[in-house]
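J.: Data file protein.cif (mmCIF, C-alpha atoms) is appended below.
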```cif
data_structure
#
loop_
_atom_site.label_atom_id
_atom_site.label_comp_id
_atom_site.auth_asym_id
_atom_site.auth_seq_id
_atom_site.Cartn_x
_atom_site.Cartn_y
_atom_site.Cartn_z
CA MET Q 15 -11.61 -55.31 12.53
CA THR Q 16 -13.15 -52.46 14.53
CA ALA Q 17 -16.52 -53.19 12.96
CA ALA Q 18 -16.18 -56.86 13.89
CA LEU Q 19 -15.33 -55.97 17.47
CA GLU Q 20 -18.26 -53.59 17.73
CA GLN Q 21 -20.57 -56.26 16.39
CA ALA Q 22 -19.22 -58.85 18.80
CA SER Q 23 -19.78 -56.54 21.74
CA ALA Q 24 -23.27 -55.61 20.56
CA GLN Q 25 -24.18 -59.26 20.12
CA SER Q 26 -22.81 -60.05 23.56
CA LEU Q 27 -25.36 -57.66 25.09
CA LEU Q 28 -27.90 -60.33 24.16
CA ARG Q 29 -28.42 -63.34 26.39
CA PRO Q 30 -26.65 -66.40 24.99
CA PHE Q 31 -28.94 -69.10 23.59
CA GLN Q 32 -28.53 -72.48 21.99
CA VAL Q 33 -30.24 -73.56 18.80
CA VAL Q 34 -31.10 -77.26 18.68
CA GLY Q 35 -32.51 -78.37 15.34
CA ASP Q 36 -35.17 -75.78 14.44
CA ALA Q 37 -35.74 -74.67 18.02
CA ILE Q 38 -34.31 -72.80 21.01
CA PRO Q 39 -35.50 -75.19 23.72
CA ALA Q 40 -34.52 -73.12 26.79
CA SER Q 41 -36.07 -69.85 27.93
CA LEU Q 42 -33.85 -66.85 27.17
CA THR Q 43 -34.39 -65.53 30.68
CA GLY Q 44 -34.43 -68.85 32.50
CA VAL Q 45 -38.06 -68.38 33.49
CA ALA Q 46 -41.41 -68.72 31.73
CA GLY Q 47 -42.99 -65.61 30.22
CA ASP Q 48 -46.36 -64.07 31.03
CA PRO Q 49 -49.04 -64.77 28.39
CA VAL Q 50 -51.15 -61.72 29.31
CA ARG Q 51 -48.22 -59.37 28.78
CA GLY Q 52 -47.38 -61.37 25.65
CA ARG Q 53 -50.75 -60.66 24.07
CA ALA Q 54 -50.37 -56.93 24.77
CA ILE Q 55 -46.94 -56.99 23.08
CA VAL Q 56 -48.29 -58.75 19.98
CA VAL Q 57 -51.13 -56.29 19.40
CA LYS Q 58 -49.10 -53.14 20.08
CA ARG Q 59 -48.51 -51.46 16.75
CA GLU Q 60 -44.85 -50.52 17.27
CA ASN Q 61 -43.99 -54.20 17.84
CA THR Q 62 -45.09 -54.73 14.22
CA CYS Q 63 -46.57 -58.28 14.43
CA LEU Q 64 -49.94 -57.09 13.10
CA LEU Q 65 -48.27 -55.32 10.18
CA CYS Q 66 -48.05 -58.79 8.61
CA HIS Q 67 -50.15 -61.19 10.68
CA SER Q 68 -53.77 -61.43 11.72
CA GLY Q 69 -55.06 -63.41 14.69
CA PRO Q 70 -57.70 -63.71 17.40
CA PHE Q 71 -57.78 -59.97 18.13
CA PRO Q 72 -61.40 -58.90 17.57
CA GLU Q 73 -60.67 -55.43 19.00
CA GLU Q 74 -57.98 -54.69 16.38
CA ARG Q 75 -59.57 -53.16 13.30
CA PHE Q 76 -56.43 -53.29 11.16
CA GLN Q 77 -54.45 -56.49 10.75
CA GLY Q 78 -52.00 -57.48 8.04
CA ASP Q 79 -52.32 -60.21 5.44
CA LEU Q 80 -48.69 -60.61 4.37
CA SER Q 81 -48.51 -63.79 6.39
CA SER Q 82 -50.44 -66.41 8.36
CA ASP Q 83 -53.21 -65.98 10.92
CA LEU Q 84 -51.68 -66.61 14.34
CA THR Q 85 -54.76 -68.55 15.51
CA GLY Q 86 -53.72 -72.08 16.45
CA THR Q 87 -49.97 -71.36 16.43
CA GLY Q 88 -49.52 -73.01 19.83
CA ALA Q 89 -50.92 -76.29 18.48
CA ARG Q 90 -48.65 -76.23 15.42
CA TRP Q 91 -45.32 -75.41 17.08
CA THR Q 92 -43.48 -76.17 20.30
CA GLN Q 93 -42.39 -73.28 22.50
CA GLY Q 94 -38.81 -73.89 21.42
CA GLN Q 95 -39.76 -73.62 17.74
CA LEU Q 96 -41.72 -70.43 18.40
CA ARG Q 97 -38.76 -68.97 20.30
CA LEU Q 98 -36.36 -69.53 17.37
CA ARG Q 99 -38.87 -68.06 14.89
CA LEU Q 100 -39.14 -64.91 16.99
CA VAL Q 101 -35.45 -64.63 17.82
CA ASP Q 102 -34.29 -65.07 14.24
CA ALA Q 103 -36.74 -66.48 11.68
CA SER Q 104 -34.05 -66.19 9.01
CA ARG Q 105 -32.26 -69.17 10.54
CA VAL Q 106 -35.23 -71.31 9.53
CA ASN Q 107 -35.82 -69.62 6.17
CA PRO Q 108 -33.08 -67.26 4.93
CA ALA Q 109 -35.51 -65.66 2.45
CA THR Q 110 -38.15 -64.88 5.07
CA ILE Q 111 -39.65 -61.41 5.33
CA MET Q 112 -40.24 -61.85 9.06
CA PRO Q 113 -37.84 -59.58 11.00
CA SER Q 114 -35.39 -61.08 13.49
CA TYR Q 115 -36.65 -59.78 16.83
CA TYR Q 116 -33.63 -60.77 18.93
CA ARG Q 117 -30.62 -60.10 16.77
CA VAL Q 118 -28.41 -57.03 16.38
CA GLU Q 119 -25.86 -57.87 13.69
CA GLY Q 120 -25.80 -58.50 9.97
CA PHE Q 121 -28.04 -55.55 9.08
CA ASN Q 122 -27.53 -52.62 6.67
CA ARG Q 123 -27.92 -48.94 7.60
CA VAL Q 124 -29.84 -49.42 10.82
CA GLY Q 125 -31.07 -46.00 12.02
CA PRO Q 126 -29.07 -44.56 14.96
CA ALA Q 127 -31.98 -44.90 17.38
CA TRP Q 128 -32.18 -48.66 16.77
CA ARG Q 129 -28.53 -49.59 16.37
CA GLY Q 130 -27.18 -52.34 18.60
CA LYS Q 131 -30.58 -53.08 20.14
CA PRO Q 132 -32.86 -56.01 19.43
CA ILE Q 133 -36.46 -55.19 18.42
CA LEU Q 134 -37.76 -57.03 21.48
CA SER Q 135 -36.02 -57.76 24.79
CA ALA Q 136 -35.43 -61.30 26.07
CA GLU Q 137 -38.29 -60.80 28.56
CA GLN Q 138 -40.63 -59.66 25.79
CA ILE Q 139 -39.70 -62.64 23.62
CA GLU Q 140 -40.54 -64.98 26.50
CA ASP Q 141 -43.88 -63.23 27.10
CA VAL Q 142 -44.79 -63.56 23.40
CA VAL Q 143 -43.74 -67.24 23.33
CA ALA Q 144 -45.89 -67.88 26.41
CA TYR Q 145 -48.86 -66.14 24.77
CA LEU Q 146 -48.52 -67.86 21.37
CA ALA Q 147 -48.36 -71.22 23.17
CA THR Q 148 -51.88 -70.56 24.52
CA LEU Q 149 -53.29 -70.24 20.97
CA ARG Q 150 -54.22 -73.89 20.70
CA ASP Q 151 -57.30 -73.79 18.45
CA MET F 19 -37.57 -66.43 -7.69
CA ASN F 20 -37.53 -70.19 -7.28
CA ALA F 21 -35.97 -70.61 -10.69
CA VAL F 22 -33.24 -68.16 -9.77
CA ARG F 23 -32.57 -69.94 -6.53
CA LYS F 24 -32.49 -73.36 -8.16
CA ARG F 25 -30.08 -72.20 -10.82
CA ALA F 26 -27.86 -70.52 -8.24
CA ARG F 27 -27.68 -73.71 -6.21
CA TRP F 28 -25.64 -75.28 -8.99
CA LEU F 29 -23.22 -72.41 -9.01
CA ALA F 30 -22.59 -71.62 -5.36
CA PRO F 31 -21.91 -73.68 -2.27
CA ALA F 32 -24.81 -73.56 0.18
CA ALA F 33 -22.96 -71.38 2.69
CA VAL F 34 -22.20 -68.65 0.15
CA LEU F 35 -25.77 -68.82 -1.05
CA LEU F 36 -27.14 -68.33 2.46
CA ALA F 37 -24.86 -65.35 3.03
CA LEU F 38 -26.04 -63.79 -0.22
CA ALA F 39 -29.71 -64.45 0.50
CA ALA F 40 -29.32 -62.57 3.76
CA VAL F 41 -28.33 -59.37 1.99
CA ILE F 42 -29.84 -59.39 -1.49
CA SER F 43 -33.35 -60.74 -1.79
CA ALA F 44 -34.00 -62.66 -4.99
CA ARG F 45 -37.20 -61.49 -6.59
CA ALA F 46 -39.09 -61.32 -9.84
CA GLU F 47 -39.83 -58.00 -11.49
CA ILE F 48 -43.51 -57.26 -12.07
CA PRO F 49 -44.50 -58.22 -15.65
CA LEU F 50 -45.23 -55.18 -17.83
CA ALA F 51 -48.87 -56.17 -18.28
CA GLU F 52 -49.46 -56.26 -14.50
CA ARG F 53 -48.00 -52.88 -13.72
CA ARG F 54 -50.40 -50.37 -12.26
CA SER F 55 -50.11 -46.95 -10.74
CA GLY F 56 -50.63 -46.38 -7.00
CA TYR F 57 -53.80 -44.63 -8.20
CA ALA F 58 -55.42 -48.06 -8.70
CA ASP F 59 -55.31 -48.73 -4.94
CA LEU F 60 -56.81 -45.40 -3.85
CA ALA F 61 -60.16 -45.13 -2.09
CA PRO F 62 -62.87 -43.63 -4.35
CA ASP F 63 -62.87 -40.26 -2.57
CA THR F 64 -59.06 -39.97 -2.90
CA LYS F 65 -59.32 -40.79 -6.60
CA ALA F 66 -61.98 -38.10 -6.97
CA MET F 67 -59.71 -35.62 -5.21
CA GLN F 68 -56.88 -36.33 -7.65
CA ASP F 69 -59.12 -36.31 -10.70
CA ASP F 70 -60.66 -32.89 -10.17
CA ASP F 71 -58.18 -30.00 -10.47
CA THR F 72 -60.44 -27.78 -8.36
CA SER F 73 -60.24 -30.22 -5.40
CA ASN F 74 -56.67 -31.52 -5.90
CA PRO F 75 -54.56 -29.74 -3.25
CA GLY F 76 -51.44 -30.34 -5.37
CA MET F 77 -52.78 -27.80 -7.87
CA LEU F 78 -51.97 -24.98 -5.44
CA ALA F 79 -48.28 -25.84 -5.79
CA VAL F 80 -48.67 -25.98 -9.58
CA LEU F 81 -50.13 -22.46 -9.58
CA ASP F 82 -47.30 -21.20 -7.38
CA GLY F 83 -44.87 -22.85 -9.78
CA GLU F 84 -46.44 -21.16 -12.76
CA ALA F 85 -45.95 -17.77 -11.10
CA LEU F 86 -42.30 -18.60 -10.30
CA TRP F 87 -41.76 -19.73 -13.90
CA LYS F 88 -42.45 -16.18 -15.00
CA THR F 89 -40.57 -14.40 -12.20
CA LYS F 90 -37.16 -12.91 -12.98
CA ALA F 91 -34.54 -14.07 -10.48
CA GLY F 92 -30.82 -13.98 -9.69
CA ASN F 93 -27.99 -11.77 -10.90
CA ALA F 94 -28.89 -12.65 -14.48
CA GLY F 95 -32.34 -11.16 -13.92
CA ARG F 96 -33.93 -13.86 -16.04
CA ALA F 97 -37.07 -15.94 -15.58
CA CYS F 98 -37.41 -19.60 -16.61
CA ALA F 99 -39.84 -18.34 -19.23
CA ASP F 100 -37.15 -16.07 -20.75
CA CYS F 101 -35.20 -19.16 -21.85
CA HIS F 102 -37.94 -21.78 -22.19
CA ALA F 103 -40.95 -19.65 -23.23
CA ASP F 104 -44.28 -21.43 -22.85
CA ALA F 105 -43.86 -24.40 -20.51
CA ARG F 106 -46.91 -26.08 -22.04
CA VAL F 107 -44.81 -26.55 -25.15
CA SER F 108 -41.19 -26.60 -23.98
CA MET F 109 -41.69 -28.75 -20.87
CA LYS F 110 -44.11 -31.27 -22.33
CA GLY F 111 -42.76 -34.79 -21.66
CA VAL F 112 -39.65 -33.54 -19.85
CA ALA F 113 -40.51 -34.85 -16.36
CA ALA F 114 -41.37 -38.23 -17.91
CA ARG F 115 -37.74 -38.72 -18.94
CA TYR F 116 -35.95 -37.66 -15.73
CA PRO F 117 -33.54 -38.48 -14.03
CA ALA F 118 -31.30 -37.71 -17.03
CA PHE F 119 -27.53 -37.86 -17.49
CA GLU F 120 -25.80 -34.55 -16.75
CA PRO F 121 -22.47 -34.46 -18.64
CA THR F 122 -20.92 -31.68 -16.53
CA LEU F 123 -21.36 -33.84 -13.41
CA SER F 124 -20.85 -37.23 -15.11
CA ARG F 125 -23.92 -38.59 -13.33
CA PRO F 126 -27.70 -38.47 -13.54
CA VAL F 127 -29.70 -35.66 -11.94
CA ASN F 128 -33.39 -35.65 -11.07
CA LEU F 129 -35.82 -32.91 -12.05
CA GLU F 130 -35.36 -30.94 -8.82
CA GLN F 131 -31.59 -30.97 -9.33
CA ARG F 132 -31.99 -29.94 -12.99
CA ILE F 133 -34.13 -26.99 -11.92
CA ASN F 134 -31.48 -25.98 -9.38
CA ILE F 135 -28.75 -26.22 -12.05
CA CYS F 136 -30.71 -23.75 -14.19
CA ARG F 137 -31.13 -21.58 -11.16
CA THR F 138 -27.45 -21.38 -10.30
CA GLU F 139 -25.97 -21.44 -13.85
CA ARG F 140 -28.52 -19.55 -15.91
CA GLN F 141 -30.19 -17.29 -13.36
CA GLN F 142 -27.13 -16.93 -11.13
CA ALA F 143 -29.33 -17.29 -8.09
CA GLN F 144 -29.07 -19.34 -4.90
CA PRO F 145 -30.30 -22.93 -5.37
CA PHE F 146 -33.60 -23.75 -3.70
CA ALA F 147 -33.35 -25.91 -0.57
CA SER F 148 -34.50 -29.54 -0.81
CA GLU F 149 -38.25 -29.88 -0.16
CA SER F 150 -38.65 -26.09 -0.07
CA LYS F 151 -42.02 -24.73 -1.13
CA ASP F 152 -40.56 -23.02 -4.20
CA LEU F 153 -38.64 -26.06 -5.43
CA LEU F 154 -41.68 -28.31 -5.03
CA ALA F 155 -43.85 -25.72 -6.76
CA LEU F 156 -41.61 -25.40 -9.82
CA THR F 157 -41.12 -29.17 -10.00
CA ALA F 158 -44.89 -29.73 -9.78
CA PHE F 159 -45.49 -27.11 -12.49
CA VAL F 160 -42.91 -28.64 -14.84
CA GLY F 161 -44.11 -32.13 -13.88
CA MET F 162 -47.68 -31.33 -14.77
CA GLN F 163 -46.71 -30.54 -18.35
CA SER F 164 -46.16 -34.32 -18.73
CA ARG F 165 -49.48 -35.35 -17.22
CA GLY F 166 -50.92 -38.22 -19.26
CA GLN F 167 -47.64 -38.83 -21.08
CA PRO F 168 -46.02 -42.27 -20.70
CA ILE F 169 -43.01 -42.53 -18.39
CA ALA F 170 -40.14 -42.75 -20.88
CA PRO F 171 -36.69 -43.23 -19.34
CA PRO F 172 -34.05 -42.36 -21.92
CA ALA F 173 -32.13 -45.21 -23.58
CA ASP F 174 -28.83 -43.57 -22.65
CA GLU F 175 -25.92 -45.97 -22.20
CA ARG F 176 -24.28 -43.56 -19.77
CA LEU F 177 -27.17 -44.17 -17.37
CA ARG F 178 -26.71 -47.92 -17.28
CA PRO F 179 -24.35 -48.22 -14.27
CA PHE F 180 -26.64 -45.92 -12.27
CA LEU F 181 -29.71 -47.89 -13.30
CA ASP F 182 -27.98 -51.09 -12.21
CA ALA F 183 -27.04 -49.49 -8.89
CA GLY F 184 -30.68 -48.48 -8.39
CA ARG F 185 -31.90 -51.98 -9.17
CA GLU F 186 -29.45 -53.41 -6.69
CA ALA F 187 -30.43 -50.88 -4.01
CA PHE F 188 -34.07 -51.89 -4.54
CA SER F 189 -33.12 -55.49 -3.73
CA ARG F 190 -30.89 -54.78 -0.74
CA ARG F 191 -32.25 -55.49 2.70
CA LEU F 192 -32.26 -52.42 4.94
CA GLY F 193 -32.66 -51.38 8.52
CA GLN F 194 -33.59 -53.24 11.67
CA PHE F 195 -36.55 -54.85 9.88
CA ASN F 196 -34.12 -56.15 7.29
CA LEU F 197 -36.46 -55.93 4.30
CA SER F 198 -35.73 -54.84 0.75
CA CYS F 199 -37.95 -52.50 -1.26
CA GLY F 200 -38.70 -55.38 -3.61
CA GLN F 201 -39.84 -57.71 -0.84
CA CYS F 202 -42.78 -55.39 -0.30
CA HIS F 203 -43.27 -53.75 -3.71
CA ASP F 204 -42.49 -56.65 -6.08
CA ASP F 205 -43.35 -59.67 -3.96
CA ASN F 206 -46.27 -58.42 -1.87
CA TRP F 207 -47.97 -55.52 -3.67
CA GLY F 208 -51.72 -55.53 -3.28
CA LYS F 209 -51.52 -57.13 0.17
CA ARG F 210 -52.26 -55.32 3.40
CA LEU F 211 -49.51 -54.11 5.66
CA ILE F 212 -51.84 -53.59 8.61
CA GLY F 213 -54.36 -51.06 7.19
CA ASN F 214 -52.34 -49.97 4.12
CA ILE F 215 -52.44 -51.61 0.74
CA ILE F 216 -48.85 -52.04 -0.48
CA PRO F 217 -48.62 -50.27 -3.85
CA GLN F 218 -46.18 -51.26 -6.60
CA ALA F 219 -44.11 -48.15 -5.77
CA HIS F 220 -44.33 -46.26 -9.03
CA PRO F 221 -42.89 -42.74 -9.15
CA ASN F 222 -45.34 -41.45 -11.77
CA GLY F 223 -47.26 -38.96 -9.61
CA TYR F 224 -44.50 -36.90 -7.94
CA PRO F 225 -44.32 -34.34 -6.52
CA LEU F 226 -47.66 -35.28 -5.00
CA TYR F 227 -50.02 -34.34 -2.22
CA ARG F 228 -49.98 -36.90 0.56
CA LEU F 229 -52.87 -36.81 3.02
CA GLU F 230 -50.58 -38.06 5.80
CA TRP F 231 -48.15 -35.19 5.16
CA GLN F 232 -50.90 -32.59 4.71
CA SER F 233 -48.64 -31.16 2.04
CA ILE F 234 -47.01 -31.76 -1.29
CA GLY F 235 -43.71 -33.68 -1.21
CA SER F 236 -41.06 -35.17 -3.46
CA LEU F 237 -40.34 -38.76 -4.42
CA GLN F 238 -37.26 -38.63 -2.19
CA ARG F 239 -39.44 -37.70 0.76
CA ARG F 240 -41.53 -40.81 0.05
CA LEU F 241 -38.40 -43.01 -0.17
CA ARG F 242 -37.24 -41.53 3.11
CA ASN F 243 -40.58 -42.51 4.70
CA CYS F 244 -40.16 -46.12 3.57
CA MET F 245 -36.59 -46.22 4.86
CA ILE F 246 -37.56 -44.82 8.25
CA GLY F 247 -40.40 -47.34 8.31
CA LEU F 248 -37.76 -50.06 8.04
CA ARG F 249 -35.83 -48.42 10.89
CA ALA F 250 -33.05 -47.65 8.44
CA GLU F 251 -30.97 -44.48 8.28
CA PRO F 252 -32.25 -42.49 5.30
CA TYR F 253 -29.85 -40.86 2.83
CA GLU F 254 -29.39 -37.08 2.66
CA TYR F 255 -31.78 -35.37 0.25
CA GLY F 256 -30.16 -35.30 -3.18
CA ALA F 257 -27.82 -38.22 -2.41
CA PRO F 258 -26.69 -40.19 -5.49
CA GLU F 259 -28.23 -43.32 -3.92
CA TYR F 260 -31.68 -41.75 -4.14
CA VAL F 261 -31.15 -40.59 -7.72
CA SER F 262 -30.16 -44.14 -8.75
CA LEU F 263 -33.26 -45.51 -7.01
CA GLU F 264 -35.40 -42.90 -8.79
CA LEU F 265 -33.86 -43.91 -12.10
CA TYR F 266 -34.64 -47.56 -11.48
CA LEU F 267 -38.20 -46.72 -10.32
CA MET F 268 -38.79 -44.71 -13.52
CA TRP F 269 -37.46 -47.55 -15.65
CA ARG F 270 -39.67 -49.99 -13.76
CA ALA F 271 -42.69 -47.73 -14.37
CA ARG F 272 -41.97 -47.16 -18.07
CA GLY F 273 -45.14 -46.68 -20.06
CA LEU F 274 -47.38 -45.75 -17.12
CA PRO F 275 -48.96 -42.32 -17.54
CA ALA F 276 -47.53 -39.45 -15.50
CA GLU F 277 -50.05 -38.15 -12.93
CA THR F 278 -48.31 -35.13 -11.40
CA PRO F 279 -49.67 -33.76 -9.11
CA ALA F 280 -51.15 -37.02 -7.77
CA VAL F 281 -52.85 -37.55 -4.40
CA ARG F 282 -51.95 -40.44 -2.05
CA PRO F 283 -53.13 -41.47 1.44
#
```
Starting from the coordinates I provided, produce the structure as structure tokens.

T.:
Amino acid sequence: MTAALEQASAQSLLRPFQVVGDAIPASLTGVAGDPVRGRAIVVKRENTCLLCHSGPFPEERFQGDLSSDLTGTGARWTQGQLRLRLVDASRVNPATIMPSYYRVEGFNRVGPAWRGKPILSAEQIEDVVAYLATLRD
Amino acid sequence: MNAVRKRARWLAPAAVLLALAAVISARAEIPLAERRSGYADLAPDTKAMQDDDTSNPGMLAVLDGEALWKTKAGNAGRACADCHADARVSMKGVAARYPAFEPTLSRPVNLEQRINICRTERQQAQPFASESKDLLALTAFVGMQSRGQPIAPPADERLRPFLDAGREAFSRRLGQFNLSCGQCHDDNWGKRLIGNIIPQAHPNGYPLYRLEWQSIGSLQRRLRNCMIGLRAEPYEYGAPEYVSLELYLMWRARGLPAETPAVRP
């Protein structure tokens, strides 16, 4: 009961969003993100994208190969689809290894420093969506 | 993995299945023939460092351990050597079959814990602290007496529930990144996590010298690193959860040669 209440209040710190099909059509913040900031977020090591993905980042010596190259993502997916995959990829594929970047509940033993916080903020998610949408070829 | 999921679909309603998939990741264990030590993924200069005892920094701990082996300690005024004589004979193959079931505690203990039991019971001395220089040194010295021997977890029925707990812990998603050990080490070994090759996670070289640590460290220290990497809260050193994981890792690595003291990046 207490745990459930704590979770509910943690989750309510996040902006509400609506999933339609395999997408979150509306911006989490109500405004469009900034693609330049989005690129900086994607390449920054602590944001972990390049642990698994590679992409058009010639200046980054180390990139992961656990998953796809992000080149061309904007041509393959709508912004709404990208948003859901960043917010919570496990809603599209429950077995995915991609972390849920905008979710705070349903985890085990989260370290105290990270508890109750999403990996990325709503603003950061929007910046990354805006950047990925520019990767059209 | 697919086979497991397909079979499960007949047994469980989709909603239950989704809930389960979120916590326990289905995965296939690595076939025996494909198992390889973390050594296989090392850069040539790191391999050379491990291979040559005069350049392997872990050997310093082994030498310290050898001196401690012969040093009288505690109220009993006895050295390890007073009970066990020549470690080259008495300790050969011992590290390769730990963790082992400890009847007085009704649970398995790892090699460090076994050494501390001897210290408190037989030597009547204070136990060494986790990750202390002396405990790592003695563990490395005892561990080295199994170098080249196959990892041989004991077929002890009393260990089974702990082995099962370790297997389950290996499959449980952890931390803010919500990944299980197996999702990296069974499903994606050999791939690159940014610059690092993901090894199969075999425990056959511990305690070992890690270049990133600039020191020798235990298997539990390594497990702690992976947990912190997942933004999970690590267990306390010596926690039963770690010992169960160690037991499962040893079982998973059965047959691989022990490498203590190994070198890793």

J.: Enter the distance from atom CA of F:Ile216 to atom CA of F:Leu265, in Å, rounded to one decimal.

T.: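 Computing the Euclidean distance for atom CA of F:Ile216 and atom CA of F:Leu265 yields 20.6 Å.
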
J.: What is the distance between atom CA of F:Gln142 and atom CA of F:Met109, in Å to one decimal?

T.: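 Between atom CA of F:Gln142 and atom CA of F:Met109 the gap works out to 21.1 Å.
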
J.: Please write out, as lines of an AutoDock Vina configuration file, where the centre of an axis-aligned box around all listed atoms of stretch 118-127 of chain Q lies and how long its edges are, in Å to one decimal, after adding 8 Å on each side.

T.:
```
center_x = -28.9
center_y = -51.5
center_z = 12.0
size_x = 22.2
size_y = 29.9
size_z = 26.7
```

J.: Could you pull the residues within 10 Å of F:Ile215, counting only C-alpha atoms, minus those fewer than 2 positions along the same chain, as a PyMOL selection string?

T.: (chain Q and resi 78-79) or (chain F and resi 56+59-60+206-213+217-218)

J.: Under the PyMOL selection byres ((chain Q) within 10 of (chain F)), which residues of this model are included? Write them out as JSON, numbers by chain.

T.: {"Q": [59, 62, 63, 64, 65, 66, 67, 68, 74, 75, 76, 77, 78, 79, 80, 81, 104, 105, 107, 108, 109, 110, 111, 112, 113, 114, 115, 117, 118, 119, 120, 121, 122, 123, 124, 125, 126, 127, 128, 129, 130, 131, 132, 133]}

J.: Could you tell me which residues the PyMOL selection byres ((chain Q and resi 141) around 8) grabs in this file, written as a list of chain:residue names?

T.: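 Against this file, the PyMOL selection byres ((chain Q and resi 141) around 8) returns the residues Q:Ala46, Q:Gly47, Q:Asp48, Q:Pro49, Q:Val50, Q:Arg51, Q:Gly52, Q:Arg53, Q:Glu137, Q:Gln138, Q:Ile139, Q:Glu140, Q:Val142, Q:Val143, Q:Ala144, Q:Tyr145.
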
J.: Keeping C-alpha atoms, export the residues of the selection given above as an mmCIF file, in the frame of the given file.

T.:
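Listing of again_11.cif after writing:
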```
data_model
loop_
_atom_site.group_PDB
_atom_site.id
_atom_site.type_symbol
_atom_site.label_atom_id
_atom_site.label_comp_id
_atom_site.auth_asym_id
_atom_site.auth_seq_id
_atom_site.Cartn_x
_atom_site.Cartn_y
_atom_site.Cartn_z
ATOM 1 C CA ALA Q 46 -41.410 -68.720 31.730
ATOM 2 C CA GLY Q 47 -42.990 -65.610 30.220
ATOM 3 C CA ASP Q 48 -46.360 -64.070 31.030
ATOM 4 C CA PRO Q 49 -49.040 -64.770 28.390
ATOM 5 C CA VAL Q 50 -51.150 -61.720 29.310
ATOM 6 C CA ARG Q 51 -48.220 -59.370 28.780
ATOM 7 C CA GLY Q 52 -47.380 -61.370 25.650
ATOM 8 C CA ARG Q 53 -50.750 -60.660 24.070
ATOM 9 C CA GLU Q 137 -38.290 -60.800 28.560
ATOM 10 C CA GLN Q 138 -40.630 -59.660 25.790
ATOM 11 C CA ILE Q 139 -39.700 -62.640 23.620
ATOM 12 C CA GLU Q 140 -40.540 -64.980 26.500
ATOM 13 C CA VAL Q 142 -44.790 -63.560 23.400
ATOM 14 C CA VAL Q 143 -43.740 -67.240 23.330
ATOM 15 C CA ALA Q 144 -45.890 -67.880 26.410
ATOM 16 C CA TYR Q 145 -48.860 -66.140 24.770
#
```

J.: Point out the residue among Q:Ala54, Q:Asp83, Q:Leu28, Q:Tyr116 with the least atom-to-atom distance to Q:Arg99, counting all atoms listed in the file.

T.: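 Selected residue with least distance to Q:Arg99: Q:Tyr116.
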
J.: Got a sec to resolve the PyMOL selection byres ((chain Q and resi 89) around 10) on this structure and send the residues as a list in words?

T.: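 Going through the file, the PyMOL selection byres ((chain Q and resi 89) around 10) ends up selecting Thr85, Gly86, Thr87, Gly88, Arg90, Trp91, Thr92, Gln93, Leu146, Ala147, Thr148, Leu149, Arg150 and Asp151 of chain Q.
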
J.: At a cut-off of 12 Å from (-32.0, -12.8, -15.9) in the coordinates of the file, what residues are picked up using all atoms listed in the file, written as a PyMOL selection string?

T.: chain F and resi 88-101+136-143

J.: What does the distance between atom CA of F:Ala61 and atom CA of F:His220 come to in Å, to one decimal place?

T.: 17.3 Å

J.: Rank nothing, just name the residue among F:Pro75, F:Gly161, F:Pro172, F:Pro145 nearest to F:Leu129, using all atoms listed in the file.

T.: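 Going through F:Pro75, F:Gly161, F:Pro172, F:Pro145 one by one, the smallest distance to F:Leu129 is for F:Gly161.
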